[in-house]
file structure28.cif (mmCIF, C-alpha atoms and all ligand atoms)
data_start
loop_
_atom_site.label_atom_id
_atom_site.label_comp_id
_atom_site.auth_asym_id
_atom_site.auth_seq_id
_atom_site.Cartn_x
_atom_site.Cartn_y
_atom_site.Cartn_z
CA MET W 1 -45.61 -103.68 -9.27
CA LYS W 2 -44.40 -100.40 -7.74
CA ILE W 3 -45.99 -99.11 -4.55
CA ALA W 4 -45.24 -95.72 -2.96
CA ILE W 5 -45.09 -95.43 0.81
CA THR W 6 -44.85 -92.05 2.58
CA ALA W 7 -41.93 -92.21 5.00
CA LYS W 8 -39.94 -90.18 7.50
CA GLY W 9 -36.70 -91.81 6.31
CA LYS W 10 -35.16 -93.61 3.35
CA GLU W 11 -35.23 -97.23 4.55
CA LEU W 12 -37.68 -100.10 4.89
CA GLY W 13 -37.11 -99.71 8.64
CA SER W 14 -38.17 -96.04 8.58
CA ASP W 15 -41.43 -94.88 10.13
CA ILE W 16 -44.42 -94.11 7.94
CA ASP W 17 -45.07 -90.40 7.53
CA THR W 18 -48.84 -90.09 7.91
CA ARG W 19 -48.96 -86.93 5.79
CA PHE W 20 -49.14 -87.42 2.05
CA GLY W 21 -48.49 -84.06 0.34
CA ARG W 22 -45.96 -82.97 2.96
CA CYS W 23 -44.26 -86.27 3.79
CA GLU W 24 -40.45 -86.25 3.89
CA TYR W 25 -39.78 -89.16 1.55
CA PHE W 26 -41.50 -91.61 -0.73
CA VAL W 27 -40.11 -95.10 -0.45
CA ILE W 28 -40.92 -96.88 -3.71
CA VAL W 29 -41.06 -100.63 -3.27
CA ASP W 30 -41.23 -103.22 -6.05
CA THR W 31 -43.52 -105.85 -4.59
CA GLU W 32 -42.12 -108.67 -6.76
CA THR W 33 -38.51 -108.26 -5.69
CA MET W 34 -38.93 -106.11 -2.54
CA GLU W 35 -36.24 -103.85 -3.99
CA PHE W 36 -36.73 -100.22 -3.03
CA GLU W 37 -35.56 -96.70 -3.59
CA ALA W 38 -36.29 -93.52 -1.63
CA ILE W 39 -37.01 -90.16 -3.20
CA MET W 40 -37.30 -86.84 -1.46
CA ASN W 41 -40.71 -85.22 -1.58
CA GLU W 42 -40.11 -81.83 -3.13
CA SER W 43 -43.73 -80.82 -2.57
CA ALA W 44 -43.22 -80.80 1.20
CA MET W 45 -42.25 -77.13 1.02
CA ALA W 46 -44.95 -76.01 -1.45
CA SER W 47 -46.99 -73.08 -0.18
CA GLY W 48 -50.17 -74.71 -1.44
CA GLY W 49 -51.24 -77.62 -3.58
CA ALA W 50 -48.67 -79.99 -2.11
CA GLY W 51 -51.10 -82.91 -2.42
CA PRO W 52 -51.74 -82.74 -6.19
CA GLN W 53 -48.04 -82.12 -6.80
CA ALA W 54 -47.01 -85.14 -4.74
CA ALA W 55 -49.60 -87.21 -6.59
CA GLN W 56 -48.03 -86.22 -9.93
CA THR W 57 -44.59 -87.18 -8.61
CA ILE W 58 -45.55 -90.72 -7.69
CA SER W 59 -47.60 -91.06 -10.85
CA LYS W 60 -44.55 -90.19 -12.96
CA ILE W 61 -42.48 -92.80 -11.15
CA GLY W 62 -45.06 -95.36 -12.14
CA ALA W 63 -46.43 -96.25 -8.70
CA LYS W 64 -49.78 -98.04 -8.86
CA VAL W 65 -50.51 -97.98 -5.13
CA LEU W 66 -50.04 -95.33 -2.42
CA ILE W 67 -49.75 -96.30 1.23
CA THR W 68 -50.02 -93.35 3.63
CA GLY W 69 -51.85 -91.94 6.64
CA ASN W 70 -54.17 -89.28 5.29
CA VAL W 71 -55.12 -87.91 1.89
CA GLY W 72 -56.91 -84.59 1.27
CA PRO W 73 -59.55 -83.95 -1.39
CA ASN W 74 -57.29 -82.44 -4.10
CA ALA W 75 -54.68 -85.16 -3.73
CA HIS W 76 -57.41 -87.77 -3.75
CA GLN W 77 -58.83 -86.46 -7.00
CA THR W 78 -55.40 -86.38 -8.63
CA LEU W 79 -54.50 -89.89 -7.46
CA GLU W 80 -57.81 -91.20 -8.70
CA ALA W 81 -57.29 -89.58 -12.11
CA ALA W 82 -53.87 -91.20 -12.21
CA GLY W 83 -55.43 -94.59 -11.45
CA ILE W 84 -53.44 -95.04 -8.27
CA GLU W 85 -54.95 -97.21 -5.55
CA ILE W 86 -55.04 -95.33 -2.22
CA ILE W 87 -54.50 -97.00 1.14
CA THR W 88 -54.83 -94.69 4.15
CA GLY W 89 -54.72 -95.08 7.91
CA SER W 90 -51.26 -96.63 7.77
CA ASN W 91 -48.61 -96.34 10.45
CA GLY W 92 -45.62 -98.28 11.72
CA LYS W 93 -42.63 -99.25 9.58
CA VAL W 94 -42.41 -98.90 5.81
CA GLY W 95 -41.23 -102.51 5.27
CA ASP W 96 -44.01 -103.97 7.42
CA MET W 97 -46.67 -102.12 5.45
CA ALA W 98 -45.16 -103.29 2.16
CA GLU W 99 -45.32 -106.91 3.42
CA LYS W 100 -48.89 -106.47 4.58
CA TYR W 101 -49.84 -105.07 1.20
CA LYS W 102 -48.18 -108.01 -0.55
CA ASN W 103 -50.11 -110.42 1.66
CA GLY W 104 -53.39 -108.73 0.76
CA GLU W 105 -53.98 -107.49 4.32
CA LEU W 106 -54.66 -103.85 3.36
CA SER W 107 -57.77 -102.44 1.76
CA SER W 108 -58.08 -99.23 -0.21
CA THR W 109 -60.17 -96.14 0.58
CA ASN W 110 -62.31 -94.30 -1.89
CA ALA W 111 -62.75 -90.97 -0.12
CA PRO W 112 -60.46 -88.23 1.21
CA THR W 113 -59.60 -88.74 4.87
CA VAL W 114 -58.94 -85.10 5.78
CA GLY W 115 -60.49 -81.78 4.80
CA ARG W 116 -59.08 -79.06 2.63
CA HIS W 117 -55.87 -77.33 3.69
CA ALA W 118 -55.34 -79.84 6.49
CA GLY W 119 -51.63 -79.87 5.80
CA MET W 120 -51.08 -76.13 5.59
CA MET X 1 -56.08 -39.65 5.84
CA LYS X 2 -56.05 -43.43 6.16
CA ILE X 3 -55.74 -45.25 9.46
CA THR X 4 -55.67 -49.02 9.84
CA VAL X 5 -56.66 -50.77 13.06
CA ALA X 6 -54.83 -54.09 13.27
CA SER X 7 -54.20 -56.85 15.77
CA GLY X 8 -51.97 -59.92 15.89
CA LYS X 9 -54.89 -62.10 16.86
CA GLY X 10 -58.67 -62.00 16.80
CA GLY X 11 -60.81 -61.01 19.75
CA THR X 12 -58.63 -58.20 21.12
CA GLY X 13 -61.20 -55.50 20.44
CA LYS X 14 -59.89 -54.36 17.06
CA THR X 15 -63.39 -53.80 15.70
CA THR X 16 -64.42 -51.92 18.86
CA ILE X 17 -61.53 -49.49 18.41
CA ALA X 18 -62.17 -49.06 14.68
CA VAL X 19 -65.91 -48.43 15.06
CA ASN X 20 -65.61 -46.04 18.00
CA LEU X 21 -62.76 -44.10 16.44
CA ALA X 22 -64.79 -43.67 13.26
CA LEU X 23 -67.76 -42.47 15.33
CA SER X 24 -65.68 -40.03 17.40
CA ILE X 25 -64.04 -38.09 14.60
CA LYS X 26 -65.57 -35.81 12.02
CA ASN X 27 -65.96 -36.68 8.37
CA SER X 28 -64.92 -40.32 8.62
CA MET X 29 -65.70 -43.58 6.88
CA LEU X 30 -65.18 -47.17 7.94
CA ILE X 31 -63.95 -50.02 5.74
CA ASP X 32 -64.06 -53.45 7.35
CA CYS X 33 -61.39 -55.58 5.64
CA ASP X 34 -61.92 -58.67 7.79
CA VAL X 35 -63.45 -60.43 4.79
CA GLU X 36 -63.71 -63.79 6.54
CA GLY X 37 -65.91 -62.44 9.29
CA PRO X 38 -66.79 -58.76 8.98
CA ASN X 39 -68.63 -57.54 12.06
CA SER X 40 -68.24 -53.74 12.21
CA HIS X 41 -71.66 -53.34 10.61
CA ILE X 42 -73.46 -54.80 13.62
CA PHE X 43 -72.83 -51.49 15.42
CA PHE X 44 -74.78 -49.60 12.77
CA LYS X 45 -78.52 -49.81 12.38
CA GLU X 46 -78.51 -49.34 8.62
CA PRO X 47 -78.61 -52.53 6.55
CA MET X 48 -75.67 -53.46 4.32
CA VAL X 49 -76.56 -53.39 0.62
CA LYS X 50 -74.62 -55.22 -2.06
CA LEU X 51 -72.47 -52.95 -4.23
CA LYS X 52 -70.63 -55.40 -6.43
CA ASP X 53 -69.30 -58.91 -6.97
CA VAL X 54 -65.56 -59.44 -6.79
CA SER X 55 -63.97 -61.86 -9.20
CA ILE X 56 -60.51 -62.96 -10.19
CA PRO X 57 -59.64 -64.28 -13.66
CA ALA X 58 -59.42 -68.06 -13.69
CA PRO X 59 -58.20 -70.24 -16.54
CA LYS X 60 -60.54 -72.39 -18.58
CA PHE X 61 -58.91 -75.24 -20.45
CA ASP X 62 -59.90 -76.38 -23.92
CA LEU X 63 -59.01 -80.04 -23.54
CA ASP X 64 -59.35 -80.76 -27.28
CA THR X 65 -56.63 -78.24 -28.07
CA CYS X 66 -54.41 -79.02 -25.06
CA THR X 67 -51.41 -81.19 -25.96
CA LEU X 68 -50.68 -82.05 -22.31
CA CYS X 69 -47.25 -80.46 -22.73
CA GLY X 70 -47.18 -79.61 -19.04
CA LYS X 71 -45.81 -76.05 -19.44
CA CYS X 72 -48.69 -74.54 -17.44
CA VAL X 73 -48.21 -77.11 -14.66
CA ASP X 74 -44.54 -76.20 -14.35
CA PHE X 75 -45.32 -72.49 -14.45
CA CYS X 76 -48.06 -72.39 -11.82
CA GLN X 77 -46.30 -71.78 -8.52
CA TYR X 78 -49.52 -72.47 -6.64
CA ASN X 79 -49.87 -76.03 -7.99
CA ALA X 80 -53.38 -75.30 -9.18
CA ILE X 81 -52.93 -77.44 -12.31
CA SER X 82 -52.00 -81.14 -12.40
CA ILE X 83 -51.42 -83.53 -15.24
CA VAL X 84 -51.52 -87.23 -14.50
CA GLY X 85 -51.46 -89.73 -17.33
CA GLU X 86 -53.66 -88.28 -20.06
CA LYS X 87 -55.68 -86.05 -17.74
CA LEU X 88 -55.38 -82.37 -16.88
CA LEU X 89 -56.90 -81.33 -13.55
CA PHE X 90 -57.54 -77.77 -12.37
CA PHE X 91 -58.14 -76.88 -8.71
CA ASP X 92 -59.82 -73.49 -8.71
CA GLU X 93 -59.43 -72.91 -4.99
CA LEU X 94 -55.63 -73.04 -5.36
CA CYS X 95 -55.58 -70.58 -8.28
CA HIS X 96 -54.54 -67.00 -7.49
CA GLY X 97 -55.69 -65.70 -10.86
CA CYS X 98 -52.24 -64.51 -11.95
CA GLY X 99 -53.01 -65.23 -15.62
CA GLY X 100 -49.57 -66.70 -16.26
CA CYS X 101 -50.70 -70.10 -17.51
CA LYS X 102 -52.70 -68.47 -20.30
CA ILE X 103 -49.62 -66.60 -21.50
CA ILE X 104 -47.36 -69.64 -21.26
CA CYS X 105 -49.60 -72.09 -23.15
CA PRO X 106 -48.04 -72.65 -26.60
CA VAL X 107 -51.28 -73.75 -28.31
CA ASP X 108 -53.74 -71.21 -26.82
CA ALA X 109 -55.75 -73.88 -25.05
CA ILE X 110 -56.43 -71.54 -22.11
CA THR X 111 -59.00 -68.76 -21.96
CA GLU X 112 -59.92 -66.62 -18.98
CA VAL X 113 -63.25 -66.75 -17.16
CA GLU X 114 -64.46 -64.80 -14.14
CA HIS X 115 -64.20 -66.71 -10.89
CA TYR X 116 -66.36 -65.06 -8.24
CA VAL X 117 -64.70 -64.94 -4.84
CA GLY X 118 -66.97 -62.64 -2.86
CA VAL X 119 -68.98 -59.43 -2.63
CA ILE X 120 -68.62 -55.86 -1.41
CA GLU X 121 -71.48 -54.29 0.55
CA LYS X 122 -72.16 -50.76 1.73
CA GLY X 123 -74.12 -49.46 4.69
CA GLY X 124 -73.86 -46.78 7.35
CA THR X 125 -74.98 -43.23 6.69
CA GLY X 126 -74.04 -40.40 4.37
CA ASP X 127 -71.99 -38.93 7.22
CA LEU X 128 -70.30 -42.19 8.05
CA PRO X 129 -70.41 -44.72 5.23
CA VAL X 130 -69.48 -48.29 6.12
CA TYR X 131 -68.07 -50.75 3.58
CA HIS X 132 -67.22 -54.38 4.00
CA GLY X 133 -66.35 -57.38 1.88
CA MET X 134 -67.33 -60.98 2.27
CA LEU X 135 -65.36 -63.92 0.97
CA ASN X 136 -67.49 -66.73 -0.42
CA ILE X 137 -67.44 -69.88 1.69
CA GLY X 138 -64.56 -72.12 0.70
CA GLU X 139 -62.59 -69.36 -1.04
CA PRO X 140 -59.21 -69.14 0.63
CA PHE X 141 -57.83 -65.81 -0.63
CA GLY X 142 -59.18 -62.56 0.74
CA VAL X 143 -56.59 -60.26 -0.81
CA PRO X 144 -58.46 -59.54 -4.09
CA ILE X 145 -61.49 -58.34 -2.10
CA ILE X 146 -59.34 -56.27 0.24
CA ASN X 147 -57.66 -54.60 -2.72
CA GLU X 148 -61.03 -53.64 -4.16
CA LEU X 149 -62.27 -52.44 -0.77
CA LYS X 150 -59.28 -50.12 -0.49
CA GLN X 151 -60.41 -48.38 -3.69
CA PHE X 152 -63.49 -47.08 -1.87
CA ALA X 153 -61.43 -44.91 0.48
CA ASP X 154 -62.49 -41.30 -0.10
CA ASP X 155 -59.55 -38.87 -0.06
CA LYS X 156 -61.76 -36.15 1.37
CA LYS X 157 -62.54 -38.26 4.43
CA THR X 158 -60.61 -39.94 7.21
CA THR X 159 -60.84 -43.63 6.38
CA ILE X 160 -60.60 -46.20 9.16
CA PHE X 161 -59.71 -49.70 7.98
CA ASP X 162 -60.58 -52.61 10.24
CA SER X 163 -57.85 -55.12 9.37
CA PRO X 164 -58.21 -58.91 9.35
CA PRO X 165 -56.55 -60.40 12.47
CA GLY X 166 -53.05 -61.85 12.24
CA THR X 167 -49.97 -61.02 10.22
CA ALA X 168 -50.61 -62.98 7.00
CA CYS X 169 -51.03 -61.48 3.51
CA PRO X 170 -54.58 -60.08 4.00
CA ALA X 171 -53.52 -58.18 7.14
CA VAL X 172 -50.32 -56.93 5.50
CA GLU X 173 -52.38 -55.67 2.58
CA THR X 174 -54.36 -53.38 4.90
CA MET X 175 -51.28 -52.17 6.77
CA ARG X 176 -49.51 -50.82 3.67
CA ASP X 177 -50.32 -47.60 1.75
CA VAL X 178 -51.94 -46.06 4.85
CA ASP X 179 -50.82 -43.10 6.94
CA PHE X 180 -50.95 -44.77 10.32
CA CYS X 181 -51.56 -48.13 11.92
CA ILE X 182 -53.11 -48.68 15.35
CA LEU X 183 -52.07 -52.02 16.88
CA VAL X 184 -54.62 -53.26 19.39
CA THR X 185 -53.52 -55.64 22.11
CA GLU X 186 -54.38 -56.90 25.57
CA PRO X 187 -52.13 -56.53 28.62
CA THR X 188 -51.41 -60.27 28.88
CA PRO X 189 -48.51 -62.58 27.93
CA PHE X 190 -50.43 -63.76 24.84
CA GLY X 191 -51.31 -60.20 23.93
CA LEU X 192 -47.68 -59.15 24.14
CA HIS X 193 -46.56 -62.16 22.11
CA ASP X 194 -48.93 -61.33 19.25
CA LEU X 195 -48.06 -57.64 19.50
CA THR X 196 -44.35 -58.30 19.01
CA LEU X 197 -45.10 -60.33 15.86
CA THR X 198 -47.24 -57.51 14.48
CA VAL X 199 -44.59 -54.91 15.34
CA ASP X 200 -42.02 -56.93 13.34
CA VAL X 201 -44.33 -56.86 10.33
CA ILE X 202 -45.28 -53.19 10.57
CA ARG X 203 -41.62 -52.17 10.93
CA GLU X 204 -40.88 -54.10 7.76
CA ILE X 205 -43.71 -52.31 5.95
CA GLY X 206 -42.65 -48.94 7.31
CA THR X 207 -46.05 -47.48 8.24
CA PRO X 208 -45.99 -45.25 11.37
CA TYR X 209 -47.78 -46.99 14.23
CA GLY X 210 -48.81 -46.90 17.85
CA VAL X 211 -50.37 -49.25 20.39
CA VAL X 212 -53.78 -49.28 22.07
CA VAL X 213 -54.20 -51.50 25.10
CA ASN X 214 -57.71 -52.86 25.36
CA ARG X 215 -59.27 -54.34 28.50
CA ASP X 216 -56.65 -52.62 30.63
CA GLY X 217 -56.64 -54.12 34.09
CA ILE X 218 -57.04 -57.80 33.19
CA GLY X 219 -53.29 -58.46 33.12
CA ASP X 220 -50.09 -56.71 34.03
CA ASP X 221 -47.84 -53.93 32.75
CA ARG X 222 -45.72 -56.02 30.41
CA VAL X 223 -47.10 -54.31 27.28
CA ASP X 224 -46.30 -50.88 28.80
CA ARG X 225 -42.76 -51.98 29.55
CA TYR X 226 -42.30 -53.41 26.07
CA CYS X 227 -43.56 -50.23 24.40
CA GLU X 228 -41.30 -48.09 26.55
CA LYS X 229 -38.27 -50.24 25.81
CA GLU X 230 -39.00 -50.28 22.08
CA ASN X 231 -39.94 -46.61 21.94
CA ILE X 232 -43.44 -47.34 20.66
CA PRO X 233 -46.09 -44.70 21.37
CA LEU X 234 -48.85 -45.95 23.66
CA LEU X 235 -51.88 -44.16 22.26
CA ALA X 236 -54.56 -45.11 24.73
CA LYS X 237 -55.78 -47.63 27.26
CA ILE X 238 -59.38 -48.78 27.27
CA PRO X 239 -60.33 -50.00 30.74
CA ASN X 240 -61.82 -53.43 31.31
CA ASP X 241 -65.23 -51.93 31.95
CA LEU X 242 -68.16 -54.33 32.31
CA GLU X 243 -70.45 -51.70 30.88
CA ILE X 244 -68.43 -51.62 27.62
CA ALA X 245 -68.77 -55.38 27.31
CA ARG X 246 -72.50 -55.21 27.99
CA LEU X 247 -73.00 -52.54 25.33
CA TYR X 248 -70.83 -54.52 22.91
CA SER X 249 -72.96 -57.62 23.25
CA SER X 250 -76.09 -55.62 22.48
CA GLY X 251 -74.47 -53.98 19.44
CA VAL X 252 -74.15 -50.49 20.92
CA PRO X 253 -70.80 -48.70 20.34
CA MET X 254 -69.25 -47.54 23.62
CA VAL X 255 -69.08 -43.87 22.57
CA LYS X 256 -72.85 -43.94 22.08
CA GLY X 257 -73.69 -45.75 25.32
CA LEU X 258 -70.93 -44.13 27.38
CA PRO X 259 -70.28 -40.71 25.78
CA GLU X 260 -67.47 -39.98 28.25
CA TYR X 261 -65.27 -42.31 26.18
CA ARG X 262 -65.56 -40.11 23.12
CA LYS X 263 -62.84 -37.87 24.54
CA LEU X 264 -60.44 -40.81 24.71
CA PHE X 265 -60.87 -41.45 20.99
CA GLU X 266 -60.66 -37.77 20.09
CA GLU X 267 -57.37 -37.51 21.97
CA MET X 268 -56.14 -40.68 20.32
CA PHE X 269 -56.88 -39.13 16.94
CA ASP X 270 -55.11 -35.88 17.89
CA ARG X 271 -52.00 -37.81 18.87
CA ILE X 272 -52.07 -39.76 15.61
CA LYS X 273 -52.33 -36.52 13.61
CA GLU X 274 -49.23 -35.22 15.40
CA MET X 275 -47.29 -38.32 14.41
CA ILE X 276 -47.91 -38.34 10.68
S1 LIG Z 301 -53.89 -68.24 -13.33
FE1 LIG Z 301 -51.89 -68.36 -12.29
S2 LIG Z 301 -52.44 -69.29 -10.33
FE2 LIG Z 301 -54.18 -69.70 -11.68
S3 LIG Z 301 -53.72 -71.67 -12.57
FE3 LIG Z 301 -52.90 -70.15 -13.98
S4 LIG Z 301 -50.75 -69.96 -13.38
FE4 LIG Z 301 -51.81 -70.98 -11.69
S1 LIG Z 302 -49.63 -75.31 -21.46
FE1 LIG Z 302 -51.47 -75.49 -22.75
S2 LIG Z 302 -51.10 -77.27 -24.01
FE2 LIG Z 302 -49.62 -77.37 -22.36
S3 LIG Z 302 -50.63 -78.60 -20.81
FE3 LIG Z 302 -51.12 -76.50 -20.31
S4 LIG Z 302 -53.07 -76.12 -21.31
FE4 LIG Z 302 -52.23 -77.99 -22.22
#
call {"tool": "encode", "arguments": {"input": "structure28.cif", "output": "structure tokens"}}
result
Amino acid sequence: MKIAITAKGKELGSDIDTRFGRCEYFVIVDTETMEFEAIMNESAMASGGAGPQAAQTISKIGAKVLITGNVGPNAHQTLEAAGIEIITGSNGKVGDMAEKYKNGELSSTNAPTVGRHAGM
Amino acid sequence: MKITVASGKGGTGKTTIAVNLALSIKNSMLIDCDVEGPNSHIFFKEPMVKLKDVSIPAPKFDLDTCTLCGKCVDFCQYNAISIVGEKLLFFDELCHGCGGCKIICPVDAITEVEHYVGVIEKGGTGDLPVYHGMLNIGEPFGVPIINELKQFADDKKTTIFDSPPGTACPAVETMRDVDFCILVTEPTPFGLHDLTLTVDVIREIGTPYGVVVNRDGIGDDRVDRYCEKENIPLLAKIPNDLEIARLYSSGVPMVKGLPEYRKLFEEMFDRIKEMI
């Protein structure tokens, strides 16, 4: 299964970017094989609506889980509509979070963690 | 004639200058464009009465007709529309009401509905009418209300616009298409910093402008030096007078409580007239 992790770099050793809509990269990890690829987040520069746009990006890639720091209300609604499980409050290294997820150590949230326009 | 009173940040006394200037000159009107927190009206006894609602056109999606082609999503530069899986989502607080998605939709699944963003109210007197707009809570874009407010300017009067603080779109909107812009600042490092940002914007817009220093005496002469170096007319200095502050907090304009200040505003107005 594919999971998307918001990251400041392109590697498993990169730090988590705690912003969702305006993170630098998404590292997409396949939890069966631990193979990964990094994609640039083109929404980072959006003047508004970065959250919903980023949610569409990871939905198109086929991610079923999002691991990040914070998610605003619009992004939350879009992710929920896309059926993507949301895990917030993450920090540390991308690879470590992927392992933790695989081991069932992370639990999902069902509410936005920041208010509107928090990332503007 | 149209004069805008602007300031790079809130709390510099922009409203004080706008209100007292309007009160000191003949045949004036006041339009408070600070739609997120209008407060000019507190200096007038007359109640504000609602004139009209302000709306922008917002799209309404017929989901039975929509083919989820995604053309509207790609078109909307404000990311107000999302499609994930089989679902189309619309975020009305991101929509600027440009109407483009309706035009772009190949199957006519989009119609337009009114989305109410705020109201315009009127108060003051026949001699000095006061208008202001109020953005509904949670609505992020004041510009549509400001544009409607500007329509109330009466060509036969001198209109004073009280601009929203800052240098973002709503402030820029009030600084263009006017004859003169008064930039209000304080004689402090922060005041100067915000003033320089506002000067950059006003030079870009091209409106003639001058500076008023408020609460003169609380800082130093760095604003004077800056204005001299940049060749910016210093229109007036309002002293840091405790009595002005006391009147302000009880909602009395300084030219009413301290009539000697009226002359300062009259002279300010004379200088402005010479410059335009
Ligand atoms: S009206 Fe314009 S801003 Fe609003 S959703 Fe349509 S394209 Fe986007
Ligand atoms: S352009 Fe029209 S048909 Fe295509 S997704 Fe948008 S609303 Fe649906």
call {"tool": "residues_near_ligand", "arguments": {"input": "structure28.cif", "ligand": "ligand LIG 301 (chain Z)", "cutoff": "12 Å", "atoms": "all atoms listed in the file", "output": "MDAnalysis selection string"}}
result
(chainID W and resid 48:49) or (chainID X and resid 56:61 70:82 88:105 110:115 141)
call {"tool": "write_last_selection", "arguments": {"input": "structure28.cif", "atoms": "C-alpha atoms", "output": "mmCIF file, in the frame of the given file"}}
result
data_model
loop_
_atom_site.group_PDB
_atom_site.id
_atom_site.type_symbol
_atom_site.label_atom_id
_atom_site.label_comp_id
_atom_site.auth_asym_id
_atom_site.auth_seq_id
_atom_site.Cartn_x
_atom_site.Cartn_y
_atom_site.Cartn_z
ATOM 1 C CA GLY W 48 -50.170 -74.710 -1.440
ATOM 2 C CA GLY W 49 -51.240 -77.620 -3.580
ATOM 3 C CA ILE X 56 -60.510 -62.960 -10.190
ATOM 4 C CA PRO X 57 -59.640 -64.280 -13.660
ATOM 5 C CA ALA X 58 -59.420 -68.060 -13.690
ATOM 6 C CA PRO X 59 -58.200 -70.240 -16.540
ATOM 7 C CA LYS X 60 -60.540 -72.390 -18.580
ATOM 8 C CA PHE X 61 -58.910 -75.240 -20.450
ATOM 9 C CA GLY X 70 -47.180 -79.610 -19.040
ATOM 10 C CA LYS X 71 -45.810 -76.050 -19.440
ATOM 11 C CA CYS X 72 -48.690 -74.540 -17.440
ATOM 12 C CA VAL X 73 -48.210 -77.110 -14.660
ATOM 13 C CA ASP X 74 -44.540 -76.200 -14.350
ATOM 14 C CA PHE X 75 -45.320 -72.490 -14.450
ATOM 15 C CA CYS X 76 -48.060 -72.390 -11.820
ATOM 16 C CA GLN X 77 -46.300 -71.780 -8.520
ATOM 17 C CA TYR X 78 -49.520 -72.470 -6.640
ATOM 18 C CA ASN X 79 -49.870 -76.030 -7.990
ATOM 19 C CA ALA X 80 -53.380 -75.300 -9.180
ATOM 20 C CA ILE X 81 -52.930 -77.440 -12.310
ATOM 21 C CA SER X 82 -52.000 -81.140 -12.400
ATOM 22 C CA LEU X 88 -55.380 -82.370 -16.880
ATOM 23 C CA LEU X 89 -56.900 -81.330 -13.550
ATOM 24 C CA PHE X 90 -57.540 -77.770 -12.370
ATOM 25 C CA PHE X 91 -58.140 -76.880 -8.710
ATOM 26 C CA ASP X 92 -59.820 -73.490 -8.710
ATOM 27 C CA GLU X 93 -59.430 -72.910 -4.990
ATOM 28 C CA LEU X 94 -55.630 -73.040 -5.360
ATOM 29 C CA CYS X 95 -55.580 -70.580 -8.280
ATOM 30 C CA HIS X 96 -54.540 -67.000 -7.490
ATOM 31 C CA GLY X 97 -55.690 -65.700 -10.860
ATOM 32 C CA CYS X 98 -52.240 -64.510 -11.950
ATOM 33 C CA GLY X 99 -53.010 -65.230 -15.620
ATOM 34 C CA GLY X 100 -49.570 -66.700 -16.260
ATOM 35 C CA CYS X 101 -50.700 -70.100 -17.510
ATOM 36 C CA LYS X 102 -52.700 -68.470 -20.300
ATOM 37 C CA ILE X 103 -49.620 -66.600 -21.500
ATOM 38 C CA ILE X 104 -47.360 -69.640 -21.260
ATOM 39 C CA CYS X 105 -49.600 -72.090 -23.150
ATOM 40 C CA ILE X 110 -56.430 -71.540 -22.110
ATOM 41 C CA THR X 111 -59.000 -68.760 -21.960
ATOM 42 C CA GLU X 112 -59.920 -66.620 -18.980
ATOM 43 C CA VAL X 113 -63.250 -66.750 -17.160
ATOM 44 C CA GLU X 114 -64.460 -64.800 -14.140
ATOM 45 C CA HIS X 115 -64.200 -66.710 -10.890
ATOM 46 C CA PHE X 141 -57.830 -65.810 -0.630
#
call {"tool": "interface_residues", "arguments": {"input": "structure28.cif", "of": "chain W", "to": "chain X", "cutoff": "8 Å", "atoms": "all atoms listed in the file", "output": "JSON list (two decimals) with C-alpha atoms, keeping the file's coordinate frame"}}
result
[["chain", "number", "residue", "atom", "x", "y", "z"],
["W", 46, "ALA", "CA", -44.95, -76.01, -1.45],
["W", 47, "SER", "CA", -46.99, -73.08, -0.18],
["W", 48, "GLY", "CA", -50.17, -74.71, -1.44],
["W", 49, "GLY", "CA", -51.24, -77.62, -3.58],
["W", 50, "ALA", "CA", -48.67, -79.99, -2.11],
["W", 52, "PRO", "CA", -51.74, -82.74, -6.19],
["W", 53, "GLN", "CA", -48.04, -82.12, -6.80],
["W", 56, "GLN", "CA", -48.03, -86.22, -9.93],
["W", 59, "SER", "CA", -47.60, -91.06, -10.85],
["W", 60, "LYS", "CA", -44.55, -90.19, -12.96],
["W", 74, "ASN", "CA", -57.29, -82.44, -4.10],
["W", 78, "THR", "CA", -55.40, -86.38, -8.63],
["W", 81, "ALA", "CA", -57.29, -89.58, -12.11],
["W", 82, "ALA", "CA", -53.87, -91.20, -12.21]]
call {"tool": "residues_around", "arguments": {"input": "structure28.cif", "residues": "region 24-26 of chain W", "least_positions_apart": "3", "cutoff": "8 Å", "atoms": "only C-alpha atoms", "output": "number ranges by chain"}}
result
W: 4-10, 17, 38-41, 44
call {"tool": "closest_residue", "arguments": {"input": "structure28.cif", "among": "X:Thr196, X:Thr65, X:Thr125, X:Thr207", "to": "ligand LIG 302 (chain Z)", "atoms": "only C-alpha atoms and all ligand atoms"}}
result
X:Thr65
call {"tool": "atom_distance", "arguments": {"input": "structure28.cif", "atom1": "CA of Tyr131 (chain X)", "atom2": "CA of Phe152 (chain X)"}}
result
8.0 Å
call {"tool": "atom_distance", "arguments": {"input": "structure28.cif", "atom1": "CA of Ala18 (chain X)", "atom2": "CA of Val49 (chain X)"}}
result
20.6 Å
call {"tool": "closest_residue", "arguments": {"input": "structure28.cif", "among": "W:Ala54, W:Met97, W:Ala75, W:Met45", "to": "Gly13 (chain W)", "atoms": "only C-alpha atoms"}}
result
W:Met97
call {"tool": "atom_distance", "arguments": {"input": "structure28.cif", "atom1": "CA of Cys169 (chain X)", "atom2": "CA of Thr15 (chain X)"}}
result
19.0 Å
call {"tool": "residues_around", "arguments": {"input": "structure28.cif", "residues": "Pro144 (chain X)", "least_positions_apart": "6", "cutoff": "10 Å", "atoms": "only C-alpha atoms", "output": "compact mmCIF listing (two decimals) with C-alpha atoms, in the coordinates of the input"}}
result
# COMPACT_ATOMS: atom_id res chain seq x y z
CA VAL X 54 -65.56 -59.44 -6.79
CA SER X 55 -63.97 -61.86 -9.20
CA ILE X 56 -60.51 -62.96 -10.19
CA HIS X 96 -54.54 -67.00 -7.49
CA GLY X 97 -55.69 -65.70 -10.86
CA VAL X 117 -64.70 -64.94 -4.84
CA GLY X 118 -66.97 -62.64 -2.86
CA LEU X 135 -65.36 -63.92 0.97
CA PRO X 170 -54.58 -60.08 4.00
CA GLU X 173 -52.38 -55.67 2.58
